[in-house]
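Visitor: My questions will all concern the structure given below.
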Amino acid sequence: MSIKTHLKRLRQQDLTEEYQCLNTLQRTEWRINKKVLEVTRNLWDNGHQVGKLPSREDLPLPPYPFDKEPNELTEEERELFRTWSGKRNQIYSLNNRSMSKRVQVERTLKIAEQYSKYDRFYYVWQNDFRSRKYASSTFLSTQSADWSKALLEFSYPMPITNWDEARWLCIHGANLFGNDKVSLDEREAWAWEFAEKEASRIVDNPYDNRLWLEADKPFQFLSWCYEMSGLLREGWGFETRLPCAADGSCNGLQHLSAILLDERGGKATNLIAGDLPQDIYTQVAEETTRKIKQDDTELARKCLEFGIDRKICKRSVMIVPYSGTRHACREYIAEAIEERIEKGQANPFGDDLFEVSHYLSIHVWDAIADVIVSARKVMNYLKDVSAVYAEHNTQMEWITPTGWLVLQNYSETDSKRIKTHINGNTVSLSFVKDRENTVNRKRTNLGSSPNFIHSLDAAAMTKTINKAVTRGVEDFAMVHDSYGTHSTHMPRLSSVLREEFVNMYEQHDVLTELRDHATIVLGTQDIPEPPSKGNLDLRGILKSQYFFA
C-alpha cells in the first residue's frame with residue numbers, strides 16, 4: 001500500500017484525541033538551563049570525558065609490531081598479526097562512533113547557546129506510524145541523551161509552597177541518582193538529606209565537587225542540584241522549572257501483563273499494590289541463579305562465583321516485548337559482564353566471554369519465560385495473526401484505542417548497485433527498492449509484537465495527556481514510558497496516568513479488536529482466537545504507587 005493511500009485512510013479515522021495530544025505537547029514552553037549549559041560547555045571544551053560525554057580525541061592505534069612485511073611473517077607471527085589487526089579494526093570502529101558522538105555534542109551545545117537568548121521556545125511534535133510522539137529536533141530535545149536533556153527546563157515556573165509540592169522534586173532527584181529501588185518515602189528522605197549536605201557545595205563548584213558525576217544520569221542530576229539548592233535557599237515560594245518524571249516499571253511488560261490479566265506478570269511489573277517496588281530484573285536474576293545451581297559444571301560454578309545480578313538480566317528482559325532474540329540476549333549479557341570486569345571485579349572466565357554469555361543466555365531466556373508467561377502468549381498470538389496477513393499477501397494493520405490506524409509496511413525488496421565517478425574516483429553505491437504488492441514475512445513477523453506494544457503505550461500516553469489537561473496540568477516532558485511535568489503537578493499526572501491505563505484496558509479488549517479488524521480486512525474467519533485471560537484486577541493499579549514511580 002502506498003503512503004498516499006495510507007494517509008488517505010488515516011484522514012478517514014477520527015483522530016481528535018491524537019491532534020489534541022500533539023497540540024498540547026506543542027504548547028509546552030521551554031527554555032535553556034544556562035547554568036547547566038555553562039558547566040557542560042566548560043567540561044567539553046577542556047576535554048573532560050565525564051557523564052557519557054565522548055572523548056574529544058581518537059584512541060591511539062596500536063603500532064605495527066613487526067619490522068617486515070606481512071607476507072614475510074612466519075606462521076607464529078601471522079597469529080600475532082591477526083590479533084593486532086583485530087584490535088586495530090576494533091579501535092577504528094570505536095573512533096568512528098566517537099566521531100559521530102562528538103559532532104552530536106558540539107551541534108547540541110551550539111543550538112543550546114543559540115536558544116539561550118530566548119525566554120521561551122517550542123517544539124513541533126509528530127507521530128510515527130505507530131502514533132508514538134517525537135519532538136521534531138535532531139539534537140536538542142527532551143528525548144535525547146542525559147547531557148542534552150539536562151540543558152532544558154520549563155519556561156513557565158510553578159511556585160513550591162509546601163512539603164507535598166516538593167515531594168516529587170525529591171523523588172525525581174533520587175531516581176536520577178539511581179536510588180530508585182527503595183520506597184518513595186525513603187527516596188524523598190534521601191533527597192532532602194543529600195540536598196542539605198551536598199547540593200550547595202556542588203553548585204558552588206561543580207568542577208571540584210564531582211559527587212554529582214556518580215549519579216546514573218549525572219547532568220540531569222546536576223540540574224536537580226541547582227533546583228534543590230534554590231529551594232533550600234529561598235524556601236517556600238521558590239519557583240521551579242525542572243521537569244520531574246515518573247517512569248513505567250518495564251512498561252512493555254506492563255502492557256503485556258494487562259492484556260491477558262496475568263497476575264504473576266502484573267505483580268512483577270507493579271500492576272499490583274505493594275509496600276516496596278517490585279523489580280522484575282532482580283526476579284529474573286534470582287530465577288536464573290536457581291536454574292544454574294542445578295548444573296553441576298565448572299562453568300556454572302564460575303557463574304555463581306561471579307554473581308548473577310539484575311544488570312546482567314536487565315536489557316534481556318527489556319527487549320522481550322519488542323521481539324528480542326536470544327542472540328541479542330547473549331550480546332547484552334556479554335556487555336554487562338565486561339562492564340563489571342572493567343569496574344574491577346575479578347574475571348574467572350578468561351578473555352573470551354562467548355561461552356559464558358551463551359551459557360547464561362540460555363538460562364536467562366528460560367527464566368524470563370517462567371516469570372512472564374503471558375508475555376510470550378501475547379507475542380506468539382501477534383505472530384500468528386501476522387502470518388495470516390502474510391499468507392494473504394497483505395500488510396498487517398490494526399486500530400489503536402485512540403483511533404489511530406497502524407500499518408506495517410514491510411515489503412520484499414530488491415537491491416541495486418550503481419557505479420559512478422566522484423572527483424575522478426569510481427564509487428559503488430547500493431540502494432534498496434520496495435517490491436510492489438509484496439509482503440516480507442520475516443519482517444512482518446518480527447515487527448508485530450514491538451509495533452503493537454509501542455502503539456499501545458502511545459495510546460496510553462495520548463489519553464493521559466488529554467485527561468491531565470482537564471485536571472490543570474499544562475506542561476509536559478514525555479518520553480514514551482516516562483511522564484513528566486512540574487513537581488507541583490506530578491500528583492495529578494500520577495493519578496491520571498493510572499486511571500487512563502485502567503480505562504483503556506477495561507474499555508478495549510485489544511487482541512479481540514485486532515482479530516475483528518483482521519477478519520474485516522482479510523475477509524476470512526481463519527484468524528486464531530486470542531489466548532485466554534487470567535484473573536488480574538486492573539483496578540489494583542489505581543493503588544499501586546510503584547506502577548509509575
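Following the order of the C-alpha cells, chains are lettered A, B, ..., residues in each are numbered from 1, and ligands are numbered from 1.
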Name all residues at most 6 Å from range 470-485 of chain A (count only C-alpha atoms; drop same-chain ones fewer than 4 positions away) and give them as a list in words.
Guide: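 Counting only the stated atoms, we get Thr28, Gln143, Pro243, Cys244, Ala245, Ala246, Asp247 and Gly248 of chain A.
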Visitor: Neighbours of Leu514 in chain A within 10 Å (only C-alpha atoms; same-chain residues fewer than 2 positions away dropped), as a PyMOL selection string?
Guide: chain A and resi 382+385+397-400+452+509-512+516-519+527+530
Visitor: Would you export the selected residues with C-alpha atoms as a PDB file, in the first residue's frame, please?
Guide:
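Written output follows (result23.pdb):
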ATOM      1  CA  LEU A 382       0.556 -11.492  17.364  1.00  0.00           C
ATOM      2  CA  VAL A 385      -2.026 -13.113  13.196  1.00  0.00           C
ATOM      3  CA  GLU A 397      -2.632  -3.404  10.360  1.00  0.00           C
ATOM      4  CA  TRP A 398      -4.754  -2.553  13.399  1.00  0.00           C
ATOM      5  CA  ILE A 399      -6.531   0.375  15.055  1.00  0.00           C
ATOM      6  CA  THR A 400      -5.363   1.648  18.451  1.00  0.00           C
ATOM      7  CA  PHE A 452       1.733  -3.445  18.655  1.00  0.00           C
ATOM      8  CA  ASP A 509     -10.018  -5.935  24.528  1.00  0.00           C
ATOM      9  CA  VAL A 510      -7.126  -5.138  22.213  1.00  0.00           C
ATOM     10  CA  LEU A 511      -6.474  -8.687  20.951  1.00  0.00           C
ATOM     11  CA  THR A 512     -10.142  -9.256  20.118  1.00  0.00           C
ATOM     12  CA  ASP A 516     -12.007  -8.437  14.372  1.00  0.00           C
ATOM     13  CA  HIS A 517     -10.173  -5.879  12.272  1.00  0.00           C
ATOM     14  CA  ALA A 518      -8.111  -8.605  10.565  1.00  0.00           C
ATOM     15  CA  THR A 519     -11.314 -10.521   9.776  1.00  0.00           C
ATOM     16  CA  ILE A 527      -7.867 -15.718  12.316  1.00  0.00           C
ATOM     17  CA  PRO A 530      -6.819 -14.815  21.341  1.00  0.00           C
TER      18      PRO A 530
END
Visitor: Considering only C-alpha atoms, tabulate each residue of range 227-340 of chain A that lies at most 12 Å from range 166-176 of chain A along with its nearest interatomic pair and the corresponding distance in Å to one decimal; arrange the rows by chain and ascending residue number and present them as CSV.
Guide:
residue,atom,partner,partner_atom,distance
A:Glu227,CA,A:Leu169,CA,8.7
A:Met228,CA,A:Leu169,CA,8.0
A:Ser229,CA,A:Cys170,CA,11.7
A:Leu231,CA,A:Ala166,CA,8.9
A:Leu232,CA,A:Ala166,CA,10.8
A:Gly235,CA,A:Ala166,CA,10.6
A:Trp236,CA,A:Ala166,CA,9.2
A:Gly237,CA,A:Ala166,CA,10.7
A:Phe238,CA,A:Ala166,CA,10.0
A:Glu239,CA,A:Ala166,CA,10.9
A:Thr240,CA,A:Leu169,CA,9.1
A:Arg241,CA,A:Leu169,CA,10.5
A:Leu242,CA,A:Leu169,CA,8.2
A:Pro243,CA,A:Leu169,CA,8.6
A:Cys244,CA,A:His172,CA,5.6
A:Ala245,CA,A:His172,CA,6.3
A:Ala246,CA,A:His172,CA,7.6
A:Asp247,CA,A:Asn175,CA,9.3
Visitor: Would you save the residues from that selection as a compact mmCIF listing (two decimals), in the first residue's frame, using N, CA and C atoms?
Guide:
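To be explicit, this is the file written out as selection27.txt:
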# COMPACT_ATOMS: atom_id res chain seq x y z
N GLU A 227 18.34 23.16 41.32
CA GLU A 227 16.95 23.41 41.70
C GLU A 227 16.76 23.26 43.21
N MET A 228 17.30 22.20 43.77
CA MET A 228 17.13 21.96 45.21
C MET A 228 17.88 22.99 46.04
N SER A 229 19.04 23.39 45.59
CA SER A 229 19.77 24.42 46.34
C SER A 229 19.00 25.73 46.32
N LEU A 231 15.67 25.93 46.20
CA LEU A 231 14.56 25.74 47.12
C LEU A 231 15.02 25.91 48.57
N LEU A 232 16.17 25.33 48.91
CA LEU A 232 16.69 25.46 50.28
C LEU A 232 17.08 26.89 50.59
N GLY A 235 13.39 28.97 50.17
CA GLY A 235 12.27 28.48 50.96
C GLY A 235 10.99 28.39 50.16
N TRP A 236 9.85 28.21 50.90
CA TRP A 236 8.56 28.10 50.20
C TRP A 236 8.30 29.35 49.37
N GLY A 237 7.77 29.12 48.20
CA GLY A 237 7.57 30.20 47.23
C GLY A 237 8.60 30.13 46.11
N PHE A 238 9.62 29.27 46.29
CA PHE A 238 10.62 29.09 45.23
C PHE A 238 9.93 28.61 43.95
N GLU A 239 10.30 29.21 42.83
CA GLU A 239 9.66 28.87 41.55
C GLU A 239 10.50 27.83 40.81
N THR A 240 9.92 26.68 40.62
CA THR A 240 10.63 25.57 39.97
C THR A 240 10.30 25.51 38.49
N ARG A 241 11.30 25.18 37.71
CA ARG A 241 11.14 24.98 36.27
C ARG A 241 11.62 23.59 35.84
N LEU A 242 12.04 22.79 36.78
CA LEU A 242 12.63 21.49 36.44
C LEU A 242 11.56 20.46 36.13
N PRO A 243 11.62 19.81 34.96
CA PRO A 243 10.68 18.70 34.69
C PRO A 243 11.00 17.51 35.60
N CYS A 244 9.98 17.02 36.31
CA CYS A 244 10.12 15.83 37.14
C CYS A 244 9.34 14.70 36.49
N ALA A 245 9.89 13.50 36.53
CA ALA A 245 9.30 12.40 35.76
C ALA A 245 9.06 11.16 36.61
N ALA A 246 8.05 10.40 36.22
CA ALA A 246 7.80 9.06 36.76
C ALA A 246 7.92 8.07 35.61
N ASP A 247 8.68 7.01 35.82
CA ASP A 247 8.93 6.02 34.76
C ASP A 247 8.14 4.75 35.00
Visitor: Which residue out of A:Leu522, A:Leu25, A:Met1, A:Leu211 has the minimum interatomic distance to Val439 in chain A when only C-alpha atoms are used?
Guide: A:Met1
Visitor: Give the answer as one residue: which of A:Glu193, A:Asn95, A:Gly266, A:Glu165 has the shortest atom-to-atom distance to Gly252 in chain A, using only C-alpha atoms?
Guide: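 Nearest to Gly252 in chain A: A:Gly266.
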Visitor: For His508 in chain A, which residue out of A:Thr426, A:Thr5, A:Thr402, A:Thr108 is the nearest one, using only C-alpha atoms?
Guide: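 Of all the options, A:Thr402 lies closest to His508 in chain A.
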Visitor: For Ala135 in chain A, which residue out of A:His327, A:Tyr123, A:Asp457, A:Asn33 is the nearest one, using only C-alpha atoms?
Guide: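 Under the stated criterion, the closest residue is A:Tyr123.
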Visitor: Counting only C-alpha atoms, which residue out of A:Arg330, A:Phe548, A:Val378, A:Asp434 sits closest to Ser357 in chain A?
Guide: A:Arg330
Visitor: Might you pull out every residue within 12 Å of range 362-365 of chain A, with only C-alpha atoms counted and same-chain residues fewer than 6 positions away left off, and present them as a PyMOL selection string?
Guide: chain A and resi 281-295+300+303+308-320+324-330+332-333+355-356+371-373+376
Visitor: Keeping only C-alpha atoms, take the residues you just selected and write them out as a PDB file, in the first residue's frame.
Guide:
ATOM      1  CA  TYR A 281      15.051  -7.732  36.649  1.00  0.00           C
ATOM      2  CA  THR A 282      16.016  -8.972  40.108  1.00  0.00           C
ATOM      3  CA  GLN A 283      13.316 -11.660  39.939  1.00  0.00           C
ATOM      4  CA  VAL A 284      14.727 -12.928  36.632  1.00  0.00           C
ATOM      5  CA  ALA A 285      18.251 -12.838  38.107  1.00  0.00           C
ATOM      6  CA  GLU A 286      17.103 -14.894  41.094  1.00  0.00           C
ATOM      7  CA  GLU A 287      15.315 -17.418  38.859  1.00  0.00           C
ATOM      8  CA  THR A 288      18.415 -17.650  36.648  1.00  0.00           C
ATOM      9  CA  THR A 289      20.583 -18.282  39.707  1.00  0.00           C
ATOM     10  CA  ARG A 290      18.212 -21.017  40.858  1.00  0.00           C
ATOM     11  CA  LYS A 291      18.449 -22.747  37.481  1.00  0.00           C
ATOM     12  CA  ILE A 292      22.248 -22.511  37.346  1.00  0.00           C
ATOM     13  CA  LYS A 293      22.563 -24.020  40.823  1.00  0.00           C
ATOM     14  CA  GLN A 294      21.056 -27.190  39.363  1.00  0.00           C
ATOM     15  CA  ASP A 295      24.006 -27.525  36.940  1.00  0.00           C
ATOM     16  CA  ALA A 300      28.081 -22.994  36.403  1.00  0.00           C
ATOM     17  CA  CYS A 303      28.921 -18.012  37.069  1.00  0.00           C
ATOM     18  CA  ILE A 308      24.072 -13.141  38.520  1.00  0.00           C
ATOM     19  CA  ASP A 309      22.712  -9.669  39.275  1.00  0.00           C
ATOM     20  CA  ARG A 310      19.897  -7.560  37.803  1.00  0.00           C
ATOM     21  CA  LYS A 311      22.227  -5.729  35.409  1.00  0.00           C
ATOM     22  CA  ILE A 312      23.171  -8.980  33.679  1.00  0.00           C
ATOM     23  CA  CYS A 313      19.469  -9.687  33.076  1.00  0.00           C
ATOM     24  CA  LYS A 314      18.030  -6.184  32.637  1.00  0.00           C
ATOM     25  CA  ARG A 315      18.482  -5.495  28.935  1.00  0.00           C
ATOM     26  CA  SER A 316      17.467  -9.034  28.017  1.00  0.00           C
ATOM     27  CA  VAL A 317      14.198  -8.564  29.912  1.00  0.00           C
ATOM     28  CA  MET A 318      13.603  -5.136  28.388  1.00  0.00           C
ATOM     29  CA  ILE A 319      13.788  -6.418  24.803  1.00  0.00           C
ATOM     30  CA  VAL A 320      11.293  -9.267  25.296  1.00  0.00           C
ATOM     31  CA  GLY A 324      14.276  -9.540  21.206  1.00  0.00           C
ATOM     32  CA  THR A 325      16.245 -12.625  20.184  1.00  0.00           C
ATOM     33  CA  ARG A 326      18.416 -14.996  22.169  1.00  0.00           C
ATOM     34  CA  HIS A 327      21.354 -13.759  20.087  1.00  0.00           C
ATOM     35  CA  ALA A 328      20.700 -10.205  21.312  1.00  0.00           C
ATOM     36  CA  CYS A 329      20.274 -11.581  24.833  1.00  0.00           C
ATOM     37  CA  ARG A 330      23.738 -13.149  24.660  1.00  0.00           C
ATOM     38  CA  TYR A 332      23.721  -7.837  26.226  1.00  0.00           C
ATOM     39  CA  ILE A 333      24.894 -10.345  28.824  1.00  0.00           C
ATOM     40  CA  GLU A 355      30.994 -19.382  26.076  1.00  0.00           C
ATOM     41  CA  VAL A 356      29.803 -17.924  29.363  1.00  0.00           C
ATOM     42  CA  VAL A 371       8.447 -15.073  35.249  1.00  0.00           C
ATOM     43  CA  ILE A 372       6.348 -13.528  32.465  1.00  0.00           C
ATOM     44  CA  VAL A 373       4.337 -16.356  30.924  1.00  0.00           C
ATOM     45  CA  ARG A 376       5.109 -14.999  25.413  1.00  0.00           C
TER      46      ARG A 376
END
Visitor: List as number ranges by chain the protein and nucleic acid residues near Met396 in chain A, meaning an atom at most 12 Å away when only C-alpha atoms are counted, but skip any in the same chain fewer than 5 places from it.
Guide: A: 1, 382-391, 405-411, 438-441, 443-449, 451-452, 514-515, 517-519, 521-522
Visitor: Give me every strand (DSSP E or B) residue in range 309-413 of chain A, going by DSSP on the backbone, as a PDB file with C-alpha atoms, in the first residue's frame.
Guide:
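So the final result, stored in states23.pdb, reads:
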ATOM      1  CA  GLU A 397      -2.632  -3.404  10.360  1.00  0.00           C
ATOM      2  CA  TRP A 398      -4.754  -2.553  13.399  1.00  0.00           C
ATOM      3  CA  ILE A 399      -6.531   0.375  15.055  1.00  0.00           C
ATOM      4  CA  LEU A 405      -4.610   3.219  12.068  1.00  0.00           C
ATOM      5  CA  VAL A 406      -1.260   1.409  12.285  1.00  0.00           C
ATOM      6  CA  LEU A 407       0.100  -0.084   9.074  1.00  0.00           C
ATOM      7  CA  THR A 413      12.973  -5.542  -1.537  1.00  0.00           C
TER       8      THR A 413
END
Visitor: For Asn437 in chain A, which residue among A:Phe139, A:Ala346, A:Tyr134, A:Thr394 is the nearest when counting only C-alpha atoms?
Guide: A:Thr394
